[in-house]
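Visitor: Data file protein-v6.cif (mmCIF, C-alpha atoms) is appended below.
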```cif
data_start
loop_
_atom_site.label_atom_id
_atom_site.label_comp_id
_atom_site.auth_asym_id
_atom_site.auth_seq_id
_atom_site.Cartn_x
_atom_site.Cartn_y
_atom_site.Cartn_z
CA MET A 1 4.30 -45.09 -52.64
CA LYS A 2 7.21 -42.75 -51.92
CA ARG A 3 4.76 -40.19 -50.52
CA ARG A 4 3.37 -42.74 -48.03
CA GLU A 5 6.89 -43.69 -46.94
CA PHE A 6 7.81 -40.02 -46.46
CA LEU A 7 4.73 -39.34 -44.36
CA LYS A 8 5.38 -42.46 -42.29
CA ALA A 9 8.98 -41.43 -41.65
CA GLY A 10 7.93 -37.87 -40.86
CA GLY A 11 5.34 -39.15 -38.42
CA VAL A 12 7.95 -41.14 -36.55
CA GLY A 13 10.22 -38.08 -36.33
CA LEU A 14 7.36 -35.90 -35.08
CA ALA A 15 6.41 -38.44 -32.44
CA ALA A 16 10.01 -38.62 -31.26
CA SER A 17 10.19 -34.85 -30.89
CA THR A 18 6.95 -34.68 -28.91
CA VAL A 19 8.25 -37.31 -26.53
CA ALA A 20 11.64 -35.65 -26.14
CA ALA A 21 10.38 -32.23 -24.99
CA PRO A 22 8.51 -33.44 -21.89
CA ALA A 23 11.42 -35.74 -21.05
CA ILE A 24 13.75 -32.74 -20.95
CA ALA A 25 11.28 -30.72 -18.90
CA GLN A 26 10.83 -33.58 -16.47
CA SER A 27 14.57 -33.70 -15.86
CA MET A 28 14.55 -30.18 -14.38
CA PRO A 29 14.05 -29.92 -10.61
CA GLU A 30 11.00 -28.30 -9.04
CA MET A 31 12.15 -25.29 -7.03
CA ARG A 32 10.42 -22.73 -4.82
CA TRP A 33 11.92 -19.33 -4.04
CA ARG A 34 10.70 -16.19 -2.30
CA LEU A 35 11.18 -12.64 -3.52
CA ALA A 36 10.93 -9.73 -1.08
CA ALA A 37 10.17 -6.35 -2.64
CA SER A 38 10.85 -2.85 -1.38
CA TRP A 39 7.40 -1.78 -2.63
CA PRO A 40 3.91 -1.86 -1.13
CA LYS A 41 1.22 -3.65 -3.13
CA SER A 42 -0.54 -0.34 -3.77
CA LEU A 43 2.25 0.57 -6.21
CA ASP A 44 0.94 -1.64 -8.97
CA THR A 45 3.73 -0.79 -11.40
CA LEU A 46 6.74 -1.37 -9.16
CA TYR A 47 5.21 -4.26 -7.22
CA GLY A 48 3.28 -5.31 -10.31
CA GLY A 49 6.62 -5.70 -12.07
CA CYS A 50 7.63 -8.20 -9.38
CA GLU A 51 4.46 -10.18 -9.95
CA PHE A 52 5.04 -10.08 -13.70
CA PHE A 53 8.62 -11.30 -13.21
CA CYS A 54 7.56 -14.28 -11.11
CA LYS A 55 4.88 -15.21 -13.63
CA ARG A 56 7.37 -15.05 -16.51
CA VAL A 57 9.88 -17.30 -14.73
CA ALA A 58 7.12 -19.88 -14.15
CA GLU A 59 6.03 -19.72 -17.79
CA ILE A 60 9.58 -20.06 -19.12
CA THR A 61 10.31 -23.09 -16.92
CA ASP A 62 6.99 -24.88 -17.47
CA ASN A 63 6.08 -24.06 -13.85
CA LYS A 64 9.03 -26.00 -12.50
CA PHE A 65 10.62 -22.90 -10.97
CA GLN A 66 8.15 -20.97 -8.82
CA ILE A 67 9.06 -17.63 -7.23
CA GLN A 68 6.55 -16.07 -4.84
CA PRO A 69 6.61 -12.27 -4.44
CA PHE A 70 6.11 -10.54 -1.09
CA ALA A 71 5.45 -6.83 -0.62
CA ALA A 72 7.45 -4.56 1.68
CA GLY A 73 6.88 -5.52 5.32
CA GLU A 74 5.51 -9.00 4.65
CA ILE A 75 8.87 -10.68 5.25
CA VAL A 76 11.24 -7.76 5.86
CA PRO A 77 10.85 -3.96 5.77
CA GLY A 78 11.28 -2.36 2.37
CA LEU A 79 14.68 -0.88 3.16
CA GLN A 80 16.13 -4.16 4.45
CA VAL A 81 15.78 -6.25 1.30
CA LEU A 82 19.49 -6.32 0.47
CA ASP A 83 20.38 -7.45 4.00
CA ALA A 84 17.79 -10.23 3.87
CA VAL A 85 19.16 -11.51 0.57
CA SER A 86 22.76 -11.17 1.73
CA ASN A 87 22.26 -13.22 4.88
CA GLY A 88 20.13 -15.87 3.16
CA THR A 89 16.81 -15.07 4.82
CA ILE A 90 15.34 -14.97 1.32
CA GLU A 91 16.69 -16.11 -2.02
CA MET A 92 16.15 -12.83 -3.86
CA GLY A 93 14.62 -9.38 -3.70
CA ASN A 94 13.59 -6.47 -5.87
CA THR A 95 14.79 -3.09 -4.72
CA ALA A 96 16.51 0.19 -5.55
CA LEU A 97 20.20 -0.17 -4.80
CA TYR A 98 20.60 3.46 -3.77
CA TYR A 99 18.68 2.66 -0.59
CA TYR A 100 21.92 1.07 0.63
CA TRP A 101 24.25 3.98 -0.04
CA GLY A 102 24.99 4.05 3.70
CA LYS A 103 26.82 0.75 3.25
CA ASN A 104 28.70 2.18 0.28
CA PRO A 105 27.89 5.38 -1.66
CA ALA A 106 28.70 3.54 -4.91
CA PHE A 107 25.37 1.71 -4.61
CA THR A 108 23.75 4.88 -5.95
CA PHE A 109 25.03 4.02 -9.44
CA GLY A 110 22.65 1.06 -9.48
CA THR A 111 19.58 3.29 -9.31
CA SER A 112 20.56 6.79 -10.39
CA LEU A 113 23.49 9.09 -9.82
CA PRO A 114 22.14 12.61 -9.21
CA PHE A 115 22.73 14.68 -12.37
CA GLY A 116 23.82 11.43 -14.03
CA LEU A 117 22.06 9.61 -16.86
CA ASN A 118 18.54 9.34 -18.24
CA THR A 119 16.76 6.00 -18.54
CA ARG A 120 18.04 4.99 -21.96
CA GLN A 121 21.57 6.08 -21.15
CA HIS A 122 21.57 4.25 -17.84
CA ILE A 123 20.43 0.86 -19.13
CA SER A 124 22.92 1.26 -21.98
CA TRP A 125 25.76 1.97 -19.55
CA LEU A 126 24.79 -0.91 -17.29
CA THR A 127 24.42 -3.42 -20.11
CA TRP A 128 27.07 -2.34 -22.62
CA GLY A 129 29.31 0.08 -20.78
CA GLY A 130 30.41 -2.28 -18.01
CA GLY A 131 28.32 -0.59 -15.31
CA GLN A 132 26.61 -3.78 -14.15
CA ASP A 133 29.91 -5.64 -13.91
CA LEU A 134 31.23 -2.88 -11.64
CA LEU A 135 28.07 -3.04 -9.52
CA ASN A 136 28.34 -6.80 -9.21
CA ASP A 137 31.92 -6.41 -7.98
CA LEU A 138 30.43 -4.37 -5.13
CA LEU A 139 27.45 -6.67 -4.60
CA LYS A 140 29.78 -9.66 -4.36
CA GLU A 141 31.08 -8.19 -1.11
CA HIS A 142 27.51 -8.61 0.19
CA ASN A 143 27.09 -12.17 -1.12
CA CYS A 144 24.77 -10.98 -3.88
CA LEU A 145 24.39 -10.69 -7.64
CA GLY A 146 22.32 -7.97 -9.33
CA ILE A 147 20.31 -7.94 -12.57
CA PRO A 148 18.59 -4.74 -13.81
CA THR A 149 14.80 -4.83 -14.00
CA GLY A 150 12.25 -2.04 -14.49
CA SER A 151 12.94 1.68 -14.50
CA THR A 152 10.56 4.47 -13.55
CA GLY A 153 12.02 6.87 -16.11
CA ALA A 154 12.90 10.43 -15.08
CA GLN A 155 11.23 11.28 -11.78
CA MET A 156 9.52 14.34 -10.38
CA GLY A 157 11.10 16.71 -7.86
CA GLY A 158 8.45 16.05 -5.25
CA TRP A 159 5.81 17.70 -3.07
CA PHE A 160 6.51 20.80 -0.98
CA ARG A 161 4.38 22.55 1.60
CA LYS A 162 5.84 25.92 0.62
CA GLU A 163 7.07 27.42 -2.62
CA ILE A 164 10.79 27.10 -3.42
CA LYS A 165 12.13 30.37 -4.81
CA THR A 166 15.85 30.30 -3.99
CA ILE A 167 18.40 27.86 -2.61
CA ALA A 168 17.93 29.57 0.76
CA ASP A 169 14.52 27.92 1.00
CA PHE A 170 16.29 24.60 1.51
CA GLN A 171 17.79 25.75 4.80
CA GLY A 172 16.43 23.46 7.51
CA LEU A 173 13.94 21.85 5.09
CA LYS A 174 13.10 18.33 6.23
CA PHE A 175 12.94 16.52 2.91
CA ARG A 176 12.20 12.86 2.31
CA VAL A 177 14.52 11.90 -0.53
CA GLY A 178 15.70 8.48 -1.57
CA GLY A 179 19.26 7.30 -1.43
CA PHE A 180 22.46 9.19 -1.95
CA ALA A 181 20.76 12.44 -3.04
CA GLY A 182 20.32 13.22 0.64
CA THR A 183 24.03 14.03 0.90
CA ILE A 184 23.56 16.78 -1.69
CA ILE A 185 20.42 18.10 0.02
CA ALA A 186 22.38 18.27 3.28
CA LYS A 187 25.26 20.13 1.62
CA VAL A 188 22.87 22.90 0.48
CA GLY A 189 21.29 23.17 3.94
CA GLY A 190 18.42 20.70 3.88
CA VAL A 191 17.72 17.87 6.32
CA PRO A 192 17.33 14.64 4.32
CA GLN A 193 15.01 11.91 5.55
CA GLN A 194 14.98 8.36 4.16
CA ILE A 195 11.51 6.91 4.65
CA ALA A 196 9.95 3.88 2.95
CA GLY A 197 7.19 4.59 0.44
CA GLY A 198 4.29 3.48 2.61
CA ASP A 199 5.35 5.76 5.48
CA ILE A 200 5.74 9.02 3.55
CA TYR A 201 2.12 10.22 3.58
CA PRO A 202 1.62 10.16 7.36
CA ALA A 203 4.98 11.89 7.90
CA LEU A 204 4.03 14.63 5.43
CA GLU A 205 0.51 14.93 6.86
CA LYS A 206 1.74 15.30 10.44
CA GLY A 207 4.43 17.80 9.51
CA THR A 208 7.25 15.47 10.53
CA ILE A 209 8.70 16.34 7.13
CA ASP A 210 8.26 19.48 5.00
CA ALA A 211 8.59 17.91 1.57
CA ALA A 212 8.81 14.51 -0.06
CA GLU A 213 9.69 12.98 -3.39
CA TRP A 214 8.66 9.53 -4.50
CA VAL A 215 8.43 8.63 -8.17
CA GLY A 216 6.05 10.45 -10.48
CA PRO A 217 2.40 11.37 -11.06
CA TYR A 218 0.90 7.88 -11.23
CA ASP A 219 2.42 6.57 -8.00
CA ASP A 220 2.27 9.94 -6.24
CA GLU A 221 -1.46 10.11 -6.94
CA LYS A 222 -1.96 6.66 -5.41
CA LEU A 223 -0.12 7.72 -2.27
CA GLY A 224 -2.25 10.86 -1.95
CA PHE A 225 0.50 13.45 -1.58
CA ALA A 226 -1.53 16.22 -3.26
CA LYS A 227 -3.85 16.22 -0.24
CA VAL A 228 -1.10 17.35 2.14
CA ALA A 229 1.35 19.37 0.01
CA LYS A 230 0.30 21.42 -3.03
CA TYR A 231 3.54 22.49 -4.74
CA TYR A 232 4.71 19.81 -7.19
CA TYR A 233 8.25 20.42 -8.44
CA TYR A 234 10.26 19.11 -11.39
CA PRO A 235 12.67 17.75 -12.47
CA GLY A 236 13.87 15.18 -9.97
CA TRP A 237 17.51 15.94 -10.69
CA TRP A 238 18.60 13.17 -8.35
CA GLU A 239 16.85 10.61 -10.56
CA GLY A 240 17.10 11.14 -14.29
CA THR A 241 16.08 7.51 -14.15
CA GLY A 242 14.95 5.20 -11.36
CA GLN A 243 16.50 1.82 -12.15
CA GLY A 244 15.38 -1.20 -10.13
CA HIS A 245 17.33 -4.41 -9.60
CA ASN A 246 16.70 -8.01 -8.79
CA VAL A 247 19.29 -8.94 -6.16
CA ILE A 248 20.00 -12.63 -5.68
CA ASN A 249 21.89 -14.49 -2.98
CA LEU A 250 25.13 -15.50 -4.70
CA ALA A 251 25.28 -19.02 -3.26
CA ARG A 252 21.67 -19.70 -4.26
CA TRP A 253 22.34 -18.31 -7.73
CA ASN A 254 25.39 -20.51 -8.23
CA ALA A 255 23.37 -23.57 -7.17
CA LEU A 256 20.69 -22.95 -9.83
CA PRO A 257 20.61 -24.96 -13.05
CA LYS A 258 21.88 -22.86 -15.96
CA ALA A 259 18.43 -22.96 -17.53
CA TYR A 260 16.90 -21.36 -14.42
CA GLN A 261 19.61 -18.70 -14.34
CA ALA A 262 18.72 -17.93 -17.96
CA ALA A 263 15.03 -17.77 -17.05
CA ILE A 264 15.70 -15.20 -14.30
CA THR A 265 17.84 -13.11 -16.64
CA ALA A 266 15.30 -13.19 -19.47
CA ALA A 267 12.35 -12.42 -17.18
CA SER A 268 14.27 -9.53 -15.58
CA GLU A 269 14.83 -8.03 -19.02
CA ASP A 270 11.13 -8.44 -19.80
CA VAL A 271 10.30 -6.48 -16.65
CA PHE A 272 12.22 -3.46 -17.96
CA THR A 273 9.88 -3.18 -20.94
CA TRP A 274 6.80 -3.85 -18.79
CA VAL A 275 7.52 -1.36 -16.00
CA THR A 276 9.08 1.44 -18.04
CA GLY A 277 6.50 1.21 -20.78
CA LYS A 278 3.65 1.31 -18.29
CA TYR A 279 5.02 4.36 -16.47
CA ASP A 280 5.33 6.27 -19.74
CA TYR A 281 1.70 5.43 -20.49
CA VAL A 282 0.08 6.14 -17.13
CA ASN A 283 2.01 9.22 -15.97
CA PRO A 284 0.61 11.81 -18.43
CA PRO A 285 -3.09 11.36 -17.51
CA ALA A 286 -2.18 11.12 -13.82
CA LEU A 287 -0.40 14.48 -14.01
CA LYS A 288 -3.52 16.05 -15.52
CA ARG A 289 -5.68 14.61 -12.74
CA LEU A 290 -3.34 15.91 -10.04
CA MET A 291 -3.45 19.42 -11.48
CA VAL A 292 -7.25 19.31 -11.60
CA ALA A 293 -7.17 18.21 -7.95
CA GLY A 294 -5.19 21.32 -7.00
CA ALA A 295 -1.52 20.46 -7.47
CA ILE A 296 0.55 23.51 -8.45
CA LEU A 297 3.21 22.48 -10.97
CA ARG A 298 6.52 24.33 -10.62
CA PRO A 299 10.01 23.97 -12.15
CA PHE A 300 12.92 24.20 -9.74
CA PRO A 301 14.52 27.65 -10.17
CA GLN A 302 17.74 27.66 -12.16
CA GLU A 303 19.64 28.84 -9.07
CA VAL A 304 18.50 25.79 -7.15
CA LEU A 305 19.52 23.38 -9.90
CA GLU A 306 22.94 24.98 -10.37
CA SER A 307 23.64 25.10 -6.63
CA CYS A 308 22.75 21.44 -6.22
CA TYR A 309 24.81 20.51 -9.28
CA ALA A 310 27.86 22.29 -7.87
CA ALA A 311 27.39 20.57 -4.51
CA ALA A 312 27.06 17.17 -6.21
CA THR A 313 30.25 17.69 -8.23
CA GLU A 314 32.23 18.48 -5.08
CA ILE A 315 30.89 15.39 -3.30
CA TYR A 316 31.74 13.14 -6.26
CA ALA A 317 35.31 14.47 -6.37
CA ASP A 318 35.79 13.81 -2.66
CA LEU A 319 34.37 10.29 -2.86
CA SER A 320 36.46 9.44 -5.90
CA ARG A 321 39.59 10.12 -3.83
CA THR A 322 38.59 7.80 -0.99
CA ASN A 323 36.23 5.12 -2.37
CA PRO A 324 37.63 2.78 -5.07
CA HIS A 325 34.20 1.44 -6.10
CA PHE A 326 32.81 4.95 -6.47
CA ALA A 327 35.88 6.15 -8.39
CA LYS A 328 35.68 3.32 -10.93
CA MET A 329 31.94 3.75 -11.54
CA TYR A 330 32.09 7.54 -11.72
CA SER A 331 34.97 7.48 -14.19
CA SER A 332 33.18 4.91 -16.33
CA LEU A 333 29.90 6.82 -16.28
CA LEU A 334 31.49 10.17 -17.14
CA ALA A 335 33.37 8.69 -20.11
CA TYR A 336 30.17 7.17 -21.45
CA ARG A 337 28.04 10.28 -20.77
CA THR A 338 30.27 12.65 -22.76
CA ASP A 339 29.60 10.94 -26.09
CA SER A 340 26.06 9.91 -25.19
CA LEU A 341 24.93 13.48 -24.47
CA MET A 342 26.28 14.60 -27.82
CA TRP A 343 24.31 11.89 -29.57
CA MET A 344 21.17 12.60 -27.56
CA GLN A 345 21.42 16.29 -28.47
CA VAL A 346 21.82 15.54 -32.17
CA ALA A 347 19.00 13.03 -32.44
CA GLU A 348 16.65 12.83 -29.46
CA LEU A 349 16.64 16.43 -28.25
CA SER A 350 16.23 17.93 -31.71
CA PHE A 351 13.32 15.61 -32.48
CA ASP A 352 11.59 16.16 -29.12
CA SER A 353 12.04 19.93 -29.33
CA PHE A 354 10.51 20.05 -32.81
CA MET A 355 7.56 17.91 -31.75
CA MET A 356 6.92 20.15 -28.73
CA ARG A 357 6.83 23.20 -31.00
CA MET A 358 4.38 21.46 -33.32
CA ARG A 359 2.22 20.48 -30.36
CA THR A 360 1.68 24.13 -29.46
CA ARG A 361 0.38 24.84 -32.97
CA THR A 362 -2.27 22.14 -33.05
#
```
So, in terms of structure tokens, how does the structure I just supplied come out?

Guide:
Amino acid sequence: MKRREFLKAGGVGLAASTVAAPAIAQSMPEMRWRLAASWPKSLDTLYGGCEFFCKRVAEITDNKFQIQPFAAGEIVPGLQVLDAVSNGTIEMGNTALYYYWGKNPAFTFGTSLPFGLNTRQHISWLTWGGGQDLLNDLLKEHNCLGIPTGSTGAQMGGWFRKEIKTIADFQGLKFRVGGFAGTIIAKVGGVPQQIAGGDIYPALEKGTIDAAEWVGPYDDEKLGFAKVAKYYYYPGWWEGTGQGHNVINLARWNALPKAYQAAITAASEDVFTWVTGKYDYVNPPALKRLMVAGAILRPFPQEVLESCYAAATEIYADLSRTNPHFAKMYSSLLAYRTDSLMWMQVAELSFDSFMMRMRTRT
């Protein structure tokens, strides 16, 4: 008898809980947003991350909150995403903040400071070291809020029509390079060009530029750079990581229900795993294919790296004296990097170095 009473009571409780969940869901408003990306659809990891993000937000909110992604050029050009979000043309975008270094050089900290941090260090600094708070202080001046999303990992140094042997080979070199790194290229004699991803190939093919960097083997293969420039250099010292951000119009963000804000934050974090994990999986076989297709893999000479590092250090010192946002972020990053590099050397570098030695024996 007691068993029947327990089951009856349990059944009532279960029924109540099944009724309550839809009632809560029904109380949330249906909303439709648009997301403009800085990436063409052909880049199925960067743009694919935007699609994944929008799908995750819909799943988390029981399809009440729908965000539609648009590729570069469908609403605004790829390099105008921040402006479109800032002025309310769109609710949000996905971009690399260093594209907007012309507005303020401190934006470069959102994507990658040349000779700065690797991927793990950067997301750690943003999330735990106060880096994202400092970036959002800057973004607030543009009516925006930023949330980190996927990272490309360390990038390649790019495609060159001629071999780079000394720093003198950068004299007059017209080089497509993203973001703030162009100031360093200019300081060592190059001529930086900022061109959206979809426009790089024709510029390289026509000789409008002499060299170009983009991301890494998987995306570079898709864009066909090996057909028009054979020397493939590494490392991309200007991007030890390539951190993307969702940027959101601040007024639209503040008007969102807290549950939808949480959905955007959670989905953005999911994108980091999706994008970064995919790049680490697809880049190795793509690099092999590029080399079979005729790409000549070359490391930047030590002289080139050291000259660019020295130029970068001088630029950072100058900016820290005149730009408060840059000074705060640079000081914060340097303090974090000192201890982080020590830890990386003890644990990560020693492990990776051992595994590379073992690889050559098998």

Visitor: Please produce, as CSV, a per-residue contact table for region 158-232 of chain A versus region 96-103 of chain A (criterion: any atom at most 12 Å away, only C-alpha atoms considered), showing the nearest atom pair and its distance in Å to one decimal, sorted by chain then residue number.

Guide:
```
residue,atom,partner,partner_atom,distance
A:Val177,CA,A:Tyr99,CA,10.1
A:Gly178,CA,A:Tyr99,CA,6.6
A:Gly179,CA,A:Tyr98,CA,4.7
A:Phe180,CA,A:Trp101,CA,5.8
A:Ala181,CA,A:Tyr98,CA,9.0
A:Gly182,CA,A:Trp101,CA,10.1
A:Thr183,CA,A:Trp101,CA,10.1
A:Gln193,CA,A:Tyr99,CA,11.7
A:Gln194,CA,A:Tyr99,CA,8.3
A:Ile195,CA,A:Tyr99,CA,9.8
A:Ala196,CA,A:Tyr99,CA,9.5
A:Gly197,CA,A:Tyr99,CA,11.7
A:Val215,CA,A:Ala96,CA,12.0
```

Visitor: Closest to Met92 (chain A) among A:Asp220, A:Gly129, A:Leu334, A:Cys54, using all atoms listed in the file?

Guide: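 For Met92 (chain A), the nearest of the given residues is A:Cys54.
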
Visitor: For the provided coordinates, the residues matched by the PyMOL selection byres ((chain A and resi 263) around 12) should be stated as number ranges by chain.

Guide: A: 53-67, 253, 256-262, 264-270

Visitor: In Å, how far is it from CA of Ile315 (chain A) to CA of Glu239 (chain A)?

Guide: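 Computing it gives 16.5 Å between the two atoms.
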
Visitor: If you measure from CA of Ser112 (chain A) to CA of Leu135 (chain A), what distance in Å do you get, rounded to one decimal?

Guide: 12.4 Å

Visitor: Between CA of Thr166 (chain A) and CA of Glu306 (chain A), what distance in Å does the model show, to one decimal?

Guide: 10.9 Å

Visitor: Name all residues at most 8 Å from region 325-332 of chain A (count only C-alpha atoms; drop same-chain ones fewer than 6 positions away) and give them as a list in words.

Guide: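 Contacts, in chain order: Pro105, Ala106, Phe109, Gly129, Gly130, Gly131, Leu134, Leu138, Tyr316 and Leu319 of chain A.
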
Visitor: Applying 8 Å and only C-alpha atoms, which residues near Thr45 (chain A) remain after dropping the ones on its own chain fewer than 6 positions away? List them as a PyMOL selection string.

Guide: chain A and resi 275+278-279

Visitor: Quick one: residues within 12 Å of region 206-212 of chain A, all atoms listed in the file, excluding same-chain residues fewer than 3 positions away - as a PyMOL selection string?

Guide: chain A and resi 156-164+169-178+182+185+190-197+199-203+215-216+220+223-226+228-233+236

Visitor: Using only C-alpha atoms, find the one residue out of A:Gly88, A:Gly277, A:Pro40, A:Gly116 that sits nearest to Phe70 (chain A).

Guide: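 Using only C-alpha atoms, Phe70 (chain A) sits closest to A:Pro40.
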
Visitor: Please determine, counting all atoms listed in the file, which residue among A:Arg298, A:Arg120, A:Arg359, A:Lys140 has the shortest atom-to-atom distance to Thr273 (chain A).

Guide: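 When distances to Thr273 (chain A) are compared using all atoms listed in the file, the smallest one comes from A:Arg120.
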